[in-house]
>>> print(open('final-v9.cif').read())   # mmCIF, C-alpha atoms
data_data
#
loop_
_atom_site.label_atom_id
_atom_site.label_comp_id
_atom_site.auth_asym_id
_atom_site.auth_seq_id
_atom_site.Cartn_x
_atom_site.Cartn_y
_atom_site.Cartn_z
CA MET P 1071 -8.79 -45.28 -20.16
CA THR P 1072 -5.96 -44.75 -22.63
CA PRO P 1073 -2.36 -45.01 -21.40
CA LEU P 1074 -2.06 -41.20 -21.69
CA ALA P 1075 -5.18 -40.68 -19.57
CA GLN P 1076 -3.74 -43.04 -16.94
CA LEU P 1077 -0.47 -41.13 -16.94
CA LEU P 1078 -2.26 -37.79 -16.54
CA GLU P 1079 -4.42 -39.19 -13.77
CA ALA P 1080 -1.33 -40.35 -11.90
CA ALA P 1081 0.30 -36.94 -12.32
CA LEU P 1082 -2.80 -35.07 -11.16
CA PHE P 1083 -3.09 -37.39 -8.17
CA GLY P 1084 0.55 -36.90 -7.25
CA ALA P 1085 0.85 -33.18 -7.79
CA GLY P 1086 -1.42 -31.81 -5.08
CA ARG P 1087 -1.92 -28.58 -7.00
CA PRO P 1088 -3.69 -27.66 -10.23
CA LEU P 1089 -1.64 -28.59 -13.28
CA THR P 1090 -2.11 -26.81 -16.58
CA ALA P 1091 -2.64 -28.67 -19.84
CA GLU P 1092 0.79 -27.44 -20.93
CA GLU P 1093 2.42 -28.84 -17.80
CA LEU P 1094 0.65 -32.17 -18.31
CA GLY P 1095 1.85 -32.18 -21.90
CA THR P 1096 5.48 -32.41 -20.75
CA LEU P 1097 4.77 -35.90 -19.38
CA ASP P 1098 4.71 -37.40 -22.81
CA ALA P 1099 6.80 -35.93 -25.57
CA GLU P 1100 4.60 -37.58 -28.21
CA ALA P 1101 1.35 -36.09 -26.90
CA THR P 1102 -0.01 -32.89 -28.40
CA LEU P 1103 -2.04 -30.39 -26.42
CA ALA P 1104 -5.15 -31.69 -28.16
CA ASP P 1105 -4.29 -35.25 -27.06
CA VAL P 1106 -3.94 -33.99 -23.47
CA ARG P 1107 -7.34 -32.33 -23.59
CA VAL P 1108 -8.99 -35.46 -24.98
CA ALA P 1109 -7.35 -37.55 -22.24
CA LEU P 1110 -8.47 -35.08 -19.55
CA GLU P 1111 -12.01 -35.29 -20.87
CA GLN P 1112 -11.75 -39.05 -20.67
CA ILE P 1113 -10.71 -38.89 -17.02
CA ARG P 1114 -13.56 -36.52 -16.23
CA GLU P 1115 -16.12 -38.73 -17.93
CA HIS P 1116 -14.72 -41.80 -16.25
CA TYR P 1117 -15.10 -40.26 -12.77
CA ASP P 1118 -18.59 -39.04 -13.54
CA PHE P 1119 -19.80 -42.16 -15.29
CA GLU P 1120 -18.46 -44.56 -12.67
CA GLN P 1121 -19.65 -42.22 -9.94
CA HIS P 1122 -16.29 -41.85 -8.27
CA GLY P 1123 -15.93 -39.99 -4.99
CA VAL P 1124 -13.59 -37.57 -6.72
CA GLU P 1125 -13.99 -35.42 -9.80
CA LEU P 1126 -11.73 -33.59 -12.20
CA VAL P 1127 -12.11 -29.87 -11.68
CA GLU P 1128 -10.85 -27.07 -13.88
CA LEU P 1129 -9.52 -24.18 -11.80
CA ALA P 1130 -6.80 -21.52 -11.68
CA GLY P 1131 -5.93 -22.17 -15.30
CA GLY P 1132 -5.34 -25.88 -14.65
CA TYR P 1133 -6.86 -29.18 -13.58
CA GLN P 1134 -7.09 -30.81 -10.18
CA ILE P 1135 -8.65 -33.95 -8.73
CA LEU P 1136 -10.95 -32.94 -5.87
CA THR P 1137 -13.36 -34.84 -3.64
CA ARG P 1138 -17.04 -34.30 -4.40
CA PRO P 1139 -18.83 -31.75 -2.18
CA ILE P 1140 -21.33 -34.37 -1.02
CA HIS P 1141 -18.62 -36.08 1.04
CA ALA P 1142 -17.26 -32.90 2.67
CA ALA P 1143 -19.23 -33.14 5.90
CA ALA P 1144 -18.32 -36.79 6.54
CA ILE P 1145 -14.63 -36.25 5.81
CA GLU P 1146 -14.54 -33.24 8.08
CA ARG P 1147 -16.42 -35.00 10.88
CA ALA P 1148 -13.81 -37.72 10.82
CA GLN P 1149 -11.17 -35.00 10.87
CA PHE P 1150 -9.41 -36.41 7.82
CA SER P 1151 -9.33 -32.95 6.35
CA VAL P 1152 -10.57 -29.47 7.18
CA ARG P 1153 -12.30 -26.83 5.15
CA THR P 1154 -10.27 -23.73 4.41
CA PRO P 1155 -11.37 -21.17 6.98
CA LYS P 1156 -13.73 -18.52 5.67
CA LEU P 1157 -12.27 -15.21 4.72
CA THR P 1158 -13.30 -12.20 6.81
CA ALA P 1159 -15.58 -9.57 5.31
CA ALA P 1160 -12.67 -7.14 5.29
CA ALA P 1161 -10.50 -9.63 3.38
CA LEU P 1162 -13.26 -10.40 0.86
CA GLU P 1163 -14.02 -6.73 0.24
CA THR P 1164 -10.35 -5.95 -0.23
CA LEU P 1165 -9.96 -8.89 -2.61
CA ALA P 1166 -13.05 -7.73 -4.51
CA VAL P 1167 -11.60 -4.26 -5.02
CA ILE P 1168 -8.26 -5.69 -6.12
CA ALA P 1169 -9.82 -8.29 -8.43
CA TYR P 1170 -11.82 -5.67 -10.31
CA ARG P 1171 -9.46 -2.72 -10.20
CA GLN P 1172 -6.06 -4.34 -10.51
CA PRO P 1173 -3.44 -3.07 -10.62
CA VAL P 1174 -4.60 -0.94 -7.73
CA GLY P 1175 -2.89 0.97 -4.93
CA ARG P 1176 -3.65 0.98 -1.25
CA ALA P 1177 -5.10 4.51 -1.32
CA GLU P 1178 -7.82 3.56 -3.81
CA ILE P 1179 -8.73 0.45 -1.82
CA GLU P 1180 -9.03 2.53 1.34
CA GLU P 1181 -11.06 5.17 -0.46
CA ILE P 1182 -13.57 2.60 -1.67
CA ARG P 1183 -13.83 0.68 1.59
CA GLY P 1184 -13.64 3.70 3.89
CA VAL P 1185 -11.17 1.98 6.22
CA SER P 1186 -7.43 1.63 6.41
CA ALA P 1187 -6.23 -1.45 4.57
CA GLY P 1188 -2.61 -1.96 5.62
CA GLY P 1189 -3.20 -4.97 7.85
CA VAL P 1190 -5.58 -6.72 5.46
CA LEU P 1191 -3.21 -6.23 2.53
CA ARG P 1192 -0.34 -7.65 4.53
CA SER P 1193 -2.22 -10.79 5.52
CA LEU P 1194 -3.62 -11.32 2.02
CA GLN P 1195 -0.08 -11.04 0.72
CA GLU P 1196 1.16 -13.50 3.34
CA ARG P 1197 -1.52 -15.97 2.24
CA GLY P 1198 -0.35 -15.54 -1.34
CA LEU P 1199 -3.75 -14.33 -2.53
CA ILE P 1200 -2.45 -11.03 -3.82
CA GLU P 1201 0.91 -9.83 -5.00
CA VAL P 1202 2.66 -6.60 -5.80
CA VAL P 1203 2.49 -6.13 -9.56
CA GLY P 1204 4.17 -2.76 -9.91
CA ARG P 1205 4.42 0.78 -8.74
CA SER P 1206 2.18 3.71 -9.52
CA GLU P 1207 3.56 6.83 -11.17
CA ALA P 1208 1.70 8.86 -8.55
CA LEU P 1209 3.38 10.78 -5.77
CA GLY P 1210 5.41 8.50 -3.52
CA ARG P 1211 5.32 5.75 -6.18
CA PRO P 1212 2.93 3.57 -4.13
CA LEU P 1213 2.84 -0.21 -4.63
CA LEU P 1214 0.17 -1.63 -6.90
CA TYR P 1215 -1.52 -4.92 -6.06
CA GLY P 1216 -3.07 -7.63 -8.18
CA THR P 1217 -4.57 -11.05 -7.50
CA ALA P 1218 -2.32 -14.11 -7.54
CA ALA P 1219 -3.04 -17.61 -8.86
CA THR P 1220 -3.87 -18.79 -5.32
CA PHE P 1221 -6.82 -16.40 -5.38
CA LEU P 1222 -8.37 -18.35 -8.24
CA GLU P 1223 -7.65 -21.64 -6.48
CA LEU P 1224 -9.30 -20.45 -3.29
CA LEU P 1225 -12.46 -19.42 -5.11
CA GLY P 1226 -12.41 -22.36 -7.49
CA LEU P 1227 -12.33 -20.10 -10.54
CA ARG P 1228 -10.76 -21.00 -13.86
CA ASP P 1229 -9.67 -17.42 -14.48
CA LEU P 1230 -10.63 -13.83 -13.64
CA ALA P 1231 -13.29 -13.88 -16.36
CA ASP P 1232 -15.25 -16.27 -14.11
CA LEU P 1233 -15.96 -13.37 -11.76
CA PRO P 1234 -19.43 -11.87 -12.22
CA ARG P 1235 -19.41 -9.32 -15.00
CA ALA P 1236 -20.52 -5.75 -14.46
CA GLU P 1237 -23.87 -6.24 -16.16
CA GLU P 1238 -24.62 -9.26 -13.97
CA LEU P 1239 -24.45 -7.16 -10.82
CA THR P 1240 -27.49 -5.42 -9.43
CA ILE P 1241 -25.61 -2.17 -9.68
CA ALA P 1242 -23.67 -1.38 -12.78
CA LEU P 1243 -19.96 -1.35 -12.26
CA GLN P 1244 -17.08 -0.39 -14.49
CA PRO P 1245 -14.45 -2.93 -13.62
CA HIS P 1246 -10.94 -2.28 -14.69
CA ARG P 1247 -9.79 -5.49 -16.29
CA PRO P 1248 -6.10 -5.37 -17.02
CA SER P 1249 -5.07 -6.79 -20.34
CA VAL P 1250 -2.26 -9.30 -20.42
CA ASP P 1251 0.08 -6.66 -21.85
CA GLU P 1252 -0.51 -4.33 -18.94
CA SER P 1253 0.36 -6.89 -16.29
CA GLU P 1254 3.43 -7.89 -18.23
CA ASP P 1255 4.49 -4.28 -18.42
CA ALA P 1256 4.05 -3.97 -14.69
CA ALA P 1257 6.16 -7.05 -14.08
CA ALA P 1258 8.87 -5.78 -16.38
CA TYR P 1259 8.74 -2.49 -14.55
CA VAL P 1260 9.36 -4.16 -11.20
CA GLU P 1261 12.30 -6.01 -12.65
CA ALA P 1262 13.79 -2.86 -14.07
CA GLU P 1263 13.43 -1.25 -10.66
CA SER P 1264 15.37 -3.86 -8.74
CA MET W 1113 -11.31 -13.53 20.40
CA THR W 1114 -8.87 -10.94 21.58
CA ALA W 1115 -5.95 -9.52 19.75
CA THR W 1116 -3.70 -9.24 22.75
CA ALA W 1117 -3.43 -12.46 24.77
CA PRO W 1118 -3.80 -15.92 23.25
CA PRO W 1119 -5.47 -18.34 25.67
CA PRO W 1120 -2.87 -19.82 28.02
CA SER W 1121 -4.27 -23.30 27.42
CA ALA W 1122 -3.08 -23.21 23.82
CA THR W 1123 -1.30 -26.42 22.95
CA PRO W 1124 1.27 -27.00 20.23
CA GLU W 1125 -1.24 -29.14 18.27
CA ALA W 1126 -3.78 -26.34 18.31
CA PRO W 1127 -1.89 -23.09 17.99
CA PRO W 1128 -3.85 -20.02 19.02
CA GLU W 1129 -5.77 -18.58 16.17
CA PRO W 1130 -3.91 -15.60 14.80
CA PRO W 1131 -5.62 -12.27 15.36
CA THR W 1132 -7.76 -11.24 12.45
CA THR W 1133 -6.36 -8.77 10.04
CA ALA W 1134 -8.64 -6.01 11.22
CA LEU W 1135 -7.31 -6.41 14.72
CA ARG W 1136 -3.73 -6.48 13.60
CA ALA W 1137 -4.14 -3.37 11.50
CA GLY W 1138 -4.20 -0.86 14.31
CA PRO W 1139 -1.23 -1.01 16.60
CA ALA W 1140 -2.80 1.12 19.30
CA PHE W 1141 -6.52 0.75 19.05
CA VAL W 1142 -8.33 -2.57 18.85
CA VAL W 1143 -11.89 -2.83 17.64
CA HIS W 1144 -13.61 -5.88 19.06
CA PHE W 1145 -16.73 -5.37 17.04
CA ASP W 1146 -16.49 -7.11 13.72
CA ALA W 1147 -20.13 -7.10 12.66
CA PHE W 1148 -19.32 -4.14 10.43
CA SER W 1149 -16.36 -4.07 8.14
CA GLY W 1150 -16.19 -0.27 8.13
CA PRO W 1151 -18.09 3.01 8.45
CA LEU W 1152 -19.62 2.62 4.98
CA ASP W 1153 -20.90 -0.81 5.98
CA LEU W 1154 -22.48 0.61 9.12
CA LEU W 1155 -24.02 3.43 7.12
CA LEU W 1156 -25.51 1.00 4.61
CA HIS W 1157 -26.86 -1.05 7.50
CA LEU W 1158 -28.57 2.01 8.99
CA LEU W 1159 -30.06 2.93 5.63
CA ARG W 1160 -31.34 -0.59 5.08
CA GLU W 1161 -32.82 -0.72 8.54
CA GLU W 1162 -34.74 2.49 7.90
CA GLN W 1163 -35.54 1.38 4.35
CA LEU W 1164 -34.09 4.57 2.96
CA GLU W 1165 -32.98 5.28 -0.58
CA ILE W 1166 -29.26 5.77 -0.96
CA ALA W 1167 -29.84 8.42 -3.60
CA ASP W 1168 -31.86 10.60 -1.22
CA ILE W 1169 -30.38 10.24 2.23
CA PRO W 1170 -31.98 12.30 5.00
CA ILE W 1171 -28.58 13.44 6.22
CA ALA W 1172 -29.64 15.00 9.51
CA ARG W 1173 -31.41 11.85 10.66
CA ILE W 1174 -28.75 9.44 9.47
CA ALA W 1175 -25.93 11.54 10.92
CA ASP W 1176 -27.55 11.44 14.36
CA GLN W 1177 -28.14 7.71 14.08
CA PHE W 1178 -24.57 7.11 12.97
CA LEU W 1179 -23.17 9.05 15.93
CA GLN W 1180 -25.47 7.17 18.27
CA ALA W 1181 -24.54 3.83 16.73
CA ILE W 1182 -20.79 4.28 17.03
CA GLY W 1183 -21.32 5.44 20.60
CA VAL W 1184 -23.24 2.28 21.44
CA LEU W 1185 -20.82 0.01 19.59
CA GLY W 1186 -17.81 1.63 21.20
CA LEU W 1187 -16.46 2.57 17.80
CA ASN W 1188 -16.36 6.27 18.56
CA GLN W 1189 -12.63 6.10 19.03
CA ALA W 1190 -11.84 4.34 15.78
CA ALA W 1191 -10.38 6.82 13.32
CA ASP W 1192 -12.22 5.50 10.27
CA TYR W 1193 -15.58 5.81 11.99
CA LEU W 1194 -14.76 9.23 13.43
CA ASP W 1195 -13.78 10.40 9.98
CA MET W 1196 -17.16 9.37 8.59
CA ALA W 1197 -18.95 10.89 11.59
CA SER W 1198 -17.30 14.25 10.98
CA ARG W 1199 -18.17 14.08 7.26
CA LEU W 1200 -21.80 13.41 8.11
CA VAL W 1201 -21.96 16.27 10.60
CA ARG W 1202 -20.44 18.60 8.01
CA LEU W 1203 -22.97 17.44 5.41
CA LYS W 1204 -25.75 17.97 7.92
CA ALA W 1205 -24.60 21.56 8.33
CA GLN W 1206 -24.29 22.06 4.58
CA MET W 1207 -27.82 20.80 4.04
CA LEU W 1208 -29.12 23.44 6.42
CA LEU W 1209 -27.70 26.23 4.28
CA PRO W 1210 -30.22 27.94 2.00
CA ARG W 1211 -29.91 26.51 -1.48
CA GLY W 1212 -30.71 27.85 -4.88
CA SER W 1213 -32.61 25.91 -7.47
CA GLU W 1214 -30.90 23.18 -9.47
CA GLU W 1215 -30.61 25.53 -12.43
CA ASP W 1216 -28.44 27.85 -10.36
CA GLY W 1217 -25.83 25.15 -10.40
CA TRP W 1218 -26.55 24.04 -6.85
CA GLU W 1219 -24.62 20.89 -6.23
CA ASP W 1220 -26.04 18.40 -3.82
CA PRO W 1221 -23.40 18.10 -1.07
CA ARG W 1222 -24.48 14.49 -0.64
CA ALA W 1223 -23.41 13.52 -4.17
CA GLU W 1224 -19.94 12.36 -3.14
CA LEU W 1225 -21.29 10.26 -0.28
CA VAL W 1226 -23.96 8.73 -2.51
CA ARG W 1227 -21.33 7.83 -5.11
CA ARG W 1228 -19.14 6.20 -2.48
CA LEU W 1229 -22.04 4.27 -0.96
CA LEU W 1230 -23.12 2.92 -4.35
CA GLU W 1231 -19.58 1.95 -5.20
CA TYR W 1232 -19.15 0.28 -1.84
CA GLN W 1233 -22.43 -1.58 -2.30
CA GLN W 1234 -21.11 -3.03 -5.54
CA ILE W 1235 -17.97 -4.17 -3.81
CA ARG W 1236 -20.10 -5.76 -1.09
CA GLU W 1237 -22.08 -7.63 -3.68
CA ILE W 1238 -18.92 -8.95 -5.31
CA ALA W 1239 -17.43 -9.80 -1.92
CA LEU W 1240 -20.57 -11.77 -1.10
CA TRP W 1241 -20.35 -13.62 -4.39
CA MET W 1242 -16.67 -14.35 -3.80
CA GLY W 1243 -17.38 -15.55 -0.28
CA LYS W 1244 -19.93 -18.03 -1.62
CA ALA W 1245 -17.52 -19.19 -4.32
CA ALA W 1246 -14.83 -19.78 -1.70
CA GLU W 1247 -17.31 -21.70 0.45
CA ARG W 1248 -18.28 -23.91 -2.49
CA ARG W 1249 -14.63 -24.57 -3.20
CA ALA W 1250 -13.98 -25.39 0.47
CA GLU W 1251 -16.51 -28.23 0.14
CA GLN W 1252 -14.00 -30.07 -2.01
CA PHE W 1253 -10.73 -31.39 -0.75
CA ALA W 1254 -7.58 -31.83 -2.73
CA ARG W 1255 -4.97 -34.35 -1.72
CA GLY W 1256 -3.35 -33.64 1.65
CA TYR W 1257 -1.77 -30.30 2.24
CA LEU W 1258 1.46 -29.87 0.41
CA PRO W 1259 3.66 -26.91 1.11
CA PRO W 1260 4.47 -24.79 -1.92
CA PRO W 1261 7.62 -26.07 -3.59
CA PRO W 1262 10.77 -24.40 -2.33
CA GLU W 1263 12.42 -22.02 -4.70
CA LEU W 1264 15.14 -23.69 -6.72
CA PRO W 1265 18.66 -22.65 -5.78
CA PRO W 1266 20.27 -20.38 -8.35
CA PRO W 1267 22.29 -22.26 -10.98
CA PRO W 1268 26.07 -22.41 -10.39
CA LEU W 1269 27.81 -19.27 -11.51
CA THR W 1270 29.90 -19.57 -14.67
CA LEU W 1271 31.86 -16.56 -15.73
CA GLU W 1272 35.09 -15.54 -17.36
CA LEU W 1273 37.85 -13.73 -15.51
CA ILE W 1274 37.39 -10.72 -17.79
CA ASP W 1275 33.69 -10.50 -16.81
CA LEU W 1276 34.61 -10.57 -13.15
CA LEU W 1277 37.20 -7.84 -13.61
CA GLN W 1278 34.72 -5.71 -15.51
CA ALA W 1279 32.19 -6.18 -12.74
CA VAL W 1280 34.79 -5.10 -10.17
CA GLU W 1281 35.53 -2.02 -12.26
CA ARG W 1282 31.85 -1.14 -12.41
CA VAL W 1283 31.56 -1.49 -8.65
CA ILE W 1284 34.61 0.67 -8.08
CA ALA W 1285 33.32 3.27 -10.53
CA ALA W 1286 30.05 3.35 -8.64
CA VAL W 1287 31.78 4.16 -5.36
CA PRO W 1288 31.61 7.91 -4.94
CA SER W 1289 35.02 9.48 -4.51
CA PRO W 1290 35.41 10.93 -1.03
CA VAL W 1291 34.90 14.66 -0.81
CA LEU W 1292 37.93 16.21 0.84
CA HIS W 1293 37.99 19.75 2.12
CA ARG W 1294 41.36 21.36 2.56
CA VAL W 1295 41.16 23.69 5.49
CA VAL W 1296 43.59 26.56 5.07
CA ALA W 1297 44.30 28.70 8.02
CA ARG W 1298 43.89 32.37 7.15
CA PRO W 1299 45.14 34.16 10.24
CA LEU W 1300 43.64 37.52 10.89
CA ASP W 1301 46.27 40.17 11.03
CA VAL W 1302 44.89 42.29 13.82
CA GLU W 1303 48.26 43.82 14.67
CA THR W 1304 48.87 45.39 11.25
CA ALA W 1305 45.32 46.72 11.27
CA THR W 1306 45.86 48.22 14.71
CA ARG W 1307 49.04 49.94 13.55
CA ARG W 1308 47.34 51.27 10.44
CA ILE W 1309 44.50 52.80 12.50
CA GLU W 1310 46.90 54.30 15.04
CA GLN W 1311 48.95 55.86 12.25
CA LEU W 1312 45.83 57.37 10.70
CA LEU W 1313 44.71 58.76 14.06
CA GLU W 1314 48.10 60.33 14.71
CA GLU W 1315 47.57 62.49 11.63
CA ARG W 1316 43.89 63.24 12.15
CA GLU W 1317 41.34 63.41 14.90
CA GLU W 1318 38.73 61.48 12.97
CA VAL W 1319 38.90 58.64 10.44
CA GLY W 1320 36.15 57.01 8.38
CA TRP W 1321 35.59 53.26 8.40
CA LEU W 1322 36.34 52.91 4.69
CA GLU W 1323 39.62 54.78 5.15
CA ALA W 1324 40.57 52.55 8.02
CA LEU W 1325 40.12 49.51 5.83
CA GLY W 1326 42.83 50.62 3.49
CA PRO W 1327 42.86 50.25 -0.31
CA ARG W 1328 41.19 47.15 -1.83
CA PRO W 1329 40.47 45.32 1.40
CA THR W 1330 39.94 41.56 1.40
CA ILE W 1331 37.42 39.88 3.69
CA VAL W 1332 40.35 39.10 5.98
CA ASP W 1333 41.30 42.79 6.07
CA VAL W 1334 37.73 43.76 6.96
CA LEU W 1335 37.61 41.26 9.80
CA SER W 1336 41.08 42.20 11.04
CA THR W 1337 40.21 45.90 11.03
CA LEU W 1338 36.93 45.33 12.82
CA LEU W 1339 38.63 43.29 15.55
CA ALA W 1340 41.38 45.88 15.85
CA LEU W 1341 38.83 48.66 16.23
CA LEU W 1342 36.89 46.79 18.87
CA GLU W 1343 40.08 46.12 20.74
CA LEU W 1344 41.14 49.79 20.53
CA ALA W 1345 37.69 50.91 21.66
CA LYS W 1346 37.88 48.53 24.58
CA ARG W 1347 41.24 49.90 25.54
CA GLY W 1348 39.74 53.39 25.24
CA THR W 1349 42.14 54.60 22.55
CA VAL W 1350 39.29 55.37 20.14
CA ARG W 1351 35.59 56.03 20.23
CA LEU W 1352 33.33 54.52 17.61
CA ALA W 1353 30.32 56.38 16.37
CA GLN W 1354 27.69 56.02 13.70
CA PRO W 1355 26.04 59.34 12.82
CA THR W 1356 22.96 57.82 11.20
CA PRO W 1357 21.70 54.26 10.90
CA PHE W 1358 23.56 52.22 8.24
CA SER W 1359 26.06 54.95 7.62
CA PRO W 1360 29.77 54.05 7.76
CA MET W 1361 31.35 54.01 11.18
CA VAL W 1362 33.37 57.03 12.27
CA ILE W 1363 36.47 56.46 14.33
CA VAL W 1364 37.41 59.32 16.67
CA ARG W 1365 40.56 59.57 18.71
CA ASP W 1366 39.65 59.51 22.37
CA ALA W 1367 41.71 62.50 23.28
CA ALA W 1368 41.06 62.43 26.99
CA ARG W 1369 42.02 58.81 27.42
CA SER W 1370 45.05 58.78 25.11
CA ALA W 1371 46.35 61.88 26.79
CA ALA W 1372 46.00 60.26 30.17
#
>>> encode(input="final-v9.cif", output="structure tokens")
Amino acid sequence: MTPLAQLLEAALFGAGRPLTAEELGTLDAEATLADVRVALEQIREHYDFEQHGVELVELAGGYQILTRPIHAAAIERAQFSVRTPKLTAAALETLAVIAYRQPVGRAEIEEIRGVSAGGVLRSLQERGLIEVVGRSEALGRPLLYGTAATFLELLGLRDLADLPRAEELTIALQPHRPSVDESEDAAAYVEAES
Amino acid sequence: MTATAPPPSATPEAPPEPPTTALRAGPAFVVHFDAFSGPLDLLLHLLREEQLEIADIPIARIADQFLQAIGVLGLNQAADYLDMASRLVRLKAQMLLPRGSEEDGWEDPRAELVRRLLEYQQIREIALWMGKAAERRAEQFARGYLPPPPELPPPPLTLELIDLLQAVERVIAAVPSPVLHRVVARPLDVETATRRIEQLLEEREEVGWLEALGPRPTIVDVLSTLLALLELAKRGTVRLAQPTPFSPMVIVRDAARSAA
């Protein structure tokens, strides 16, 4: 591996969270983003070719070194690590509504799921899976929720586009995908409020 | 798992599992049945069990089954389920009403429910997909758990004296000035009013209310005169009468009493 690839590997090993290519680029002032990507590819190939117990995974907009699934059972049996507990059906449904309709208010979530959502929203927020992204113009100016980066990490997705698209579902759906501008507007709005 | 009491054997190494979100949601009522994530879920389950088309729900049958199901599951006190139950019963009644043909603009009362069920089914499908994705991800471990980095302390404040003073001015300007009410005593002059009425009654037997008030009366004059009149009437010096409703009062000298 090149010296840059070694440096990136060390950083990814030490960080304990996904690091973006841009973040990795700050390690070496000489390295361009393209250099970083080449080095990352080198690490990935190295792990795969040498059949390492870990692999380089792309998720939540960044890169992370993770153990291979094949070893999960053994590691867990030895209690060296534990799987993240499964999310409840209520939590998954709520996350699904938020992921596709964000920014979305509590009333709409409750309307779609047919149950009150206050408790679920609170615990999802505590786990950092969702966050308040703004306020609706509707009566009472209710809070609007959106998914957070942790949501992508939990599901092992690179970004929201990794979610199944409407036409891939059995039943056609019109998801509301916020553009980057919209979410920025919402953030700016919250700032202006405070 | 119960929402109320964690097992007493809970040790510090193994803290009691926190109550699920569904259980924490309702402060008063706790649903111990988590096979269904809501009334729509239960409804879909019933439809699947009977192999019924969502688009053409036999409302009467499904409403009865829904009521029976929530009775059996002990969900008939949960508001969300009761809400759906009442909707279904209402739909059942609406379906019994005679209907015109489609051309008459007859709207299927089930349309809203069908739309919600389809929408909910989509969400279920996505939730299922997301659950599987999360399970796949859980098969891979990252390095040991690291707490999220603490937020950096705010940088040291650097500011000029003039900025600080301006900030103080802004704060002071924002403080609303206290609203002060000056309370001025406006004593009622009952005595003068009494004298005026007595003078008038010395000349005549009967005086009108407007006359008794005197020229250009202020609100204080009106009140003073009224009190004076009531006092005089109490003493028996005058009698007060009102010939017709809403007509001005007539003040009559009480001859018998004043003579006495």
>>> interface_residues(input="final-v9.cif", of="chain P", to="chain W", cutoff="9 Å", atoms="all atoms listed in the file", output="VMD selection string")
chain P and resid 1083 to 1087 1124 1134 to 1143 1151 to 1167 1181 to 1194 1223 to 1227 1233 to 1234 1239 to 1243
>>> resolve_selection(input="final-v9.cif", expression="the PyMOL selection byres ((chain W and resi 1341) around 10)", output="JSON, numbers by chain")
{"W": [1302, 1305, 1306, 1309, 1310, 1321, 1324, 1335, 1336, 1337, 1338, 1339, 1340, 1342, 1343, 1344, 1345, 1346, 1347, 1349, 1350, 1351, 1352, 1363]}
>>> residues_around(input="final-v9.cif", residues="Met1361 (chain W)", least_positions_apart="2", cutoff="9 Å", atoms="all atoms listed in the file", output="list of chain:residue names")
W:Val1319, W:Gly1320, W:Trp1321, W:Leu1322, W:Leu1352, W:Ala1353, W:Gln1354, W:Pro1355, W:Phe1358, W:Ser1359, W:Ile1363
>>> axis_aligned_box(input="final-v9.cif", around="region 1207-1226 of chain P", padding_each_side="3 Å", output="AutoDock Vina command-line options")
--center_x -3.5 --center_y -5.8 --center_z -7.2 --size_x 23.9 --size_y 39.1 --size_z 13.9
>>> atom_distance(input="final-v9.cif", atom1="CA of Pro1357 (chain W)", atom2="CA of Arg1307 (chain W)")
27.8 Å
>>> atom_distance(input="final-v9.cif", atom1="CA of Leu1214 (chain P)", atom2="CA of Ile1179 (chain P)")
10.5 Å
